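> Below you will find the structure I want to go over with you.
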Amino acid sequence: MKKRAPRNRTLSCSPEEISRYKKQLMSLDSPTQVSEVEDQIICQDFLDAIRYLPSSSIDLLVMDPPYNLSKNYNGSVFREKKALEYQEWFGQVIEKVRPTLKPNASVYVCSDWRTSMLIAPILGEAFEIRNRITWEREKGRGSKTNWKNNTEDIWFCTVSADYVFNVDSVKLKRKVIAPYRDASGKPKDWNEGADGNFRLTHPSNVWTDLTIPFWSMPENTDHPTQKPEKLVAKLILASSNSGDFVLDPFLGSGTTAVVAKKLGRRFCGIEQNTEYCCWAAKRLATAASDSSIQGYSEGVFWERNSLSDQKPQKKKEAETPMSLFDA
């Protein structure tokens with residue numbers, strides 16, 4: 001394990017933990033029933049495992065496949081491909097995973113802006129594209145000859161016109177800076193309380209309220225493309241119901257599985273890297289006793305920083321070094 005600074009909360013596994021968690025992982029070599037793979041991590045290459053998953057069983061597909069960039073995933077290097085070669089690879093992924101989806105399933109696919117141009121036509125052929133979410137990811141290298149790349153995309157698709165979208169579950173709670181009152185003096189479209197003035201707003205396809213996991217957050221791992229739990233929580237709450245079955249075929253360090261568990265959904269994750277799978281298993285063990293999601297409290301998503309303004313949260317915020325960042 002890496003030696004961490006005293007306040008660094010990045011999750012990792014000792015050799016002993018890896019040995020223990022490896023015993024919990026699955027690999028598939030024959031067709032399975034839902035009961036065999038629900039709430040399981042499958043440590044296997046996607047193309048080998050996906051053919052054994054039961055058909056028409058998945059309510060929600062959350063995918064964060066390798067973007068068309070050269071990147072080292074803990075010793076396994078995904079190399080940038082020519083455009084047509086990447087499209088052929090991604091098309092094969094969609095072809096293999098689509099039979100696992102229910103007729104009313106929803107699909108979310110993460111991407112960067114370059115890769116988005118390659119995958120959009122393929123998604124459009126396989127599904128009904130509903131929207132493209134763009135989210136601010138805070139990090140990104142600066143450039144003297146171009147704009148800093150500071151956003152990523154999430155494509156929202158459905159198998160058919162029959163799909164779940166729980167809009168009231170993903171409204172954003174914002175502070176009201178200049179509250180407006182009606183003629184009788186009552187708050188107009190906002191709530192007045194002892195802890196401040198807030199408004200619940202409908203979710204848009206531009207998200208600026210997220211924080212990339214970093215060293216002082218307990219959800220952080222050394223995975224190079226880890227997504228925030230808050231981001232995945234929005235997808236799961238919007239497009240699934242309690243008890244639904246969520247699949248992530250590129251599980252990475254386990255965020256989709258962990259959030260699904262915290263929100264009362266069943267899950268299955270596929271990941272070929274053993275250490276990543278063990279990180280995911282360790283996070284799931286922690287989630288059994290701690291269902292909190294940073295930035296999501298009492299059924300509401302808070303805009304960045306606003307949760308720290310609530311008086312009941314003062315003590316909790318003071319105990320962690322996170323209050324200057326995402327609530």
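Residues are named by chain letter and number: chains run A, B, ... in the order of the structure tokens, numbers start at 1 in each chain, and ligands are numbered from 1 in the order shown.
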Run DSSP on the backbone and grab whatever in region 91-201 of chain A lands in alpha helix (DSSP H); send it over as a list of chain:residue names.

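Checking each residue of region 91-201 of chain A, the alpha helix (DSSP H) ones are A:Gly91, A:Gln92, A:Val93, A:Ile94, A:Glu95, A:Lys96, A:Val97, A:Trp113, A:Arg114, A:Thr115, A:Ser116, A:Met117, A:Leu118, A:Ile119, A:Ala120, A:Pro121, A:Ile122, A:Leu123, A:Gly124, A:Glu125, A:Ala126.
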
> Identify, on the basis of only C-alpha atoms, every residue whose closest approach to region 244-251 of chain A does not exceed 7 Å; exclude the query and any residue fewer than 2 positions from it along the same chain; express the result as a ChimeraX atom specification.

/A:46,58-65,240-242,253-254,256,265-271

> With N, CA and C atoms retained, write the just-selected residues as a compact mmCIF listing (two decimals), in the first residue's frame.


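Result file selection_3.txt:
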# COMPACT_ATOMS: atom_id res chain seq x y z
N PHE A 46 -15.08 -7.83 -19.95
CA PHE A 46 -16.47 -7.58 -20.28
C PHE A 46 -16.98 -8.52 -21.37
N ILE A 58 -32.02 -6.24 -16.93
CA ILE A 58 -31.44 -5.00 -16.40
C ILE A 58 -32.41 -3.84 -16.54
N ASP A 59 -32.64 -3.14 -15.43
CA ASP A 59 -33.50 -1.94 -15.46
C ASP A 59 -32.72 -0.69 -15.83
N LEU A 60 -31.45 -0.63 -15.43
CA LEU A 60 -30.64 0.56 -15.66
C LEU A 60 -29.21 0.15 -15.97
N LEU A 61 -28.69 0.67 -17.07
CA LEU A 61 -27.30 0.44 -17.47
C LEU A 61 -26.52 1.73 -17.29
N VAL A 62 -25.47 1.69 -16.47
CA VAL A 62 -24.58 2.83 -16.28
C VAL A 62 -23.21 2.41 -16.78
N MET A 63 -22.72 3.08 -17.82
CA MET A 63 -21.47 2.68 -18.45
C MET A 63 -20.46 3.82 -18.43
N ASP A 64 -19.25 3.52 -18.00
CA ASP A 64 -18.14 4.45 -18.08
C ASP A 64 -16.98 3.73 -18.78
N PRO A 65 -17.14 3.47 -20.08
CA PRO A 65 -16.11 2.71 -20.81
C PRO A 65 -14.87 3.56 -21.02
N SER A 240 -34.31 4.77 -12.05
CA SER A 240 -34.64 3.45 -11.51
C SER A 240 -35.49 3.61 -10.28
N ASN A 241 -36.13 2.54 -9.89
CA ASN A 241 -36.93 2.52 -8.67
C ASN A 241 -36.28 1.60 -7.65
N SER A 242 -36.70 1.72 -6.41
CA SER A 242 -36.16 0.88 -5.35
C SER A 242 -36.29 -0.59 -5.74
N SER A 253 -13.50 1.20 -9.82
CA SER A 253 -13.34 1.06 -8.37
C SER A 253 -14.66 0.89 -7.64
N GLY A 254 -15.76 0.72 -8.39
CA GLY A 254 -17.00 0.28 -7.76
C GLY A 254 -18.06 1.32 -7.46
N THR A 256 -20.61 2.74 -9.04
CA THR A 256 -22.01 2.43 -9.36
C THR A 256 -22.58 1.39 -8.41
N ARG A 265 -30.92 -0.36 -4.45
CA ARG A 265 -31.04 -1.06 -5.72
C ARG A 265 -30.17 -2.32 -5.71
N ARG A 266 -30.54 -3.29 -6.52
CA ARG A 266 -29.67 -4.43 -6.76
C ARG A 266 -28.64 -4.05 -7.82
N PHE A 267 -27.53 -4.72 -7.85
CA PHE A 267 -26.49 -4.32 -8.80
C PHE A 267 -25.68 -5.52 -9.27
N CYS A 268 -25.01 -5.31 -10.38
CA CYS A 268 -23.99 -6.24 -10.87
C CYS A 268 -22.92 -5.40 -11.55
N GLY A 269 -21.67 -5.66 -11.23
CA GLY A 269 -20.57 -4.92 -11.85
C GLY A 269 -19.57 -5.87 -12.47
N ILE A 270 -19.05 -5.48 -13.62
CA ILE A 270 -18.02 -6.27 -14.31
C ILE A 270 -16.76 -5.43 -14.40
N GLU A 271 -15.65 -5.98 -13.97
CA GLU A 271 -14.36 -5.28 -14.01
C GLU A 271 -13.24 -6.32 -14.14

> May I ask for the distance between CA of Ile133 (chain A) and CA of Val107 (chain A), given in Å to one decimal place?

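Distance between the two atoms: 12.5 Å.
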
> Under the rule that only C-alpha atoms are counted, which of A:Arg304, A:His223, A:Lys173, A:Arg79 is the nearest residue to Thr211 (chain A)?

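Ranked by minimum distance to Thr211 (chain A), first place goes to A:Arg304.
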
> With distances taken over only C-alpha atoms, which residue among A:Ser35, A:Thr158, A:Asn273, A:Ser292 lies nearest Glu219 (chain A)?

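Distance minimum relative to Glu219 (chain A) lands on A:Ser292.
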
> Out of region 74-287 of chain A, which residues get strand (DSSP E) from DSSP, as a PyMOL selection string?

chain A and resi 76-78+101-111+128-136+151-158+172-175+191-193+196-201+206-207+245-248+266-271

> Work out how far apart CA of Gly299 (chain A) and CA of Leu237 (chain A) are and give it in Å to one decimal.

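Between CA of Gly299 (chain A) and CA of Leu237 (chain A) the gap works out to 9.9 Å.
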
> Write out, as a tab-separated table, each residue of region 20-64 of chain A that has an atom at most 9 Å from region 95-99 of chain A, together with the closest pair of atoms and their distance in Å to one decimal, counting only C-alpha atoms, rows going by chain and rising number.


residue	atom	partner	partner_atom	distance
A:Leu47	CA	A:Lys96	CA	7.5
A:Ile50	CA	A:Val97	CA	6.6
A:Arg51	CA	A:Lys96	CA	7.0
A:Pro54	CA	A:Pro99	CA	8.5
A:Ser55	CA	A:Pro99	CA	5.4
A:Ser56	CA	A:Pro99	CA	6.2
A:Ser57	CA	A:Pro99	CA	8.8
A:Leu61	CA	A:Val97	CA	8.9

> Would you mind exporting C-alpha atoms of the selected residues as a PDB file, in the first residue's frame?


ATOM      1  CA  LEU A  47     -16.714  -9.459 -23.587  1.00  0.00           C
ATOM      2  CA  ILE A  50     -21.516 -10.340 -20.759  1.00  0.00           C
ATOM      3  CA  ARG A  51     -22.618 -13.307 -22.853  1.00  0.00           C
ATOM      4  CA  PRO A  54     -29.506 -13.238 -18.240  1.00  0.00           C
ATOM      5  CA  SER A  55     -31.356 -11.484 -21.052  1.00  0.00           C
ATOM      6  CA  SER A  56     -33.972  -8.767 -20.429  1.00  0.00           C
ATOM      7  CA  SER A  57     -32.960  -8.481 -16.771  1.00  0.00           C
ATOM      8  CA  LEU A  61     -27.302   0.436 -17.469  1.00  0.00           C
TER       9      LEU A  61
END

> Restricting the calculation to only C-alpha atoms, which member of A:Val300, A:Val77, A:Val159, A:Ile41 is positioned closest to Ser106 (chain A)?

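Smallest distance to Ser106 (chain A) is found for A:Val159.
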
> So that I can check the surroundings of Val258 (chain A), please list as a list in words every protein, DNA and RNA residue that reaches within 8 Å of it, counting only C-alpha atoms and ignoring chain neighbours fewer than 4 positions away.

Gly254, Lys262, Ala280, Arg283, Leu284 and Ala287 of chain A

> What separation in Å, quoted to one decimal, exists between CA of Gln87 (chain A) and CA of Cys43 (chain A)?

24.9 Å

> Let me make sure I understand: among A:Pro6, A:Pro31, A:Gly252, A:Gly295, which one has the smallest atom-to-atom distance to Pro224 (chain A) if we use only C-alpha atoms?

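The closest residue to Pro224 (chain A) is A:Gly252.
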
> Given only C-alpha atoms as the basis, pick out the residue of A:Glu38, A:Glu88, A:Glu275, A:Asp290 nearest to Tyr21 (chain A).

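Checking each of A:Glu38, A:Glu88, A:Glu275, A:Asp290 against Tyr21 (chain A), counting only C-alpha atoms, the winner is A:Glu275.
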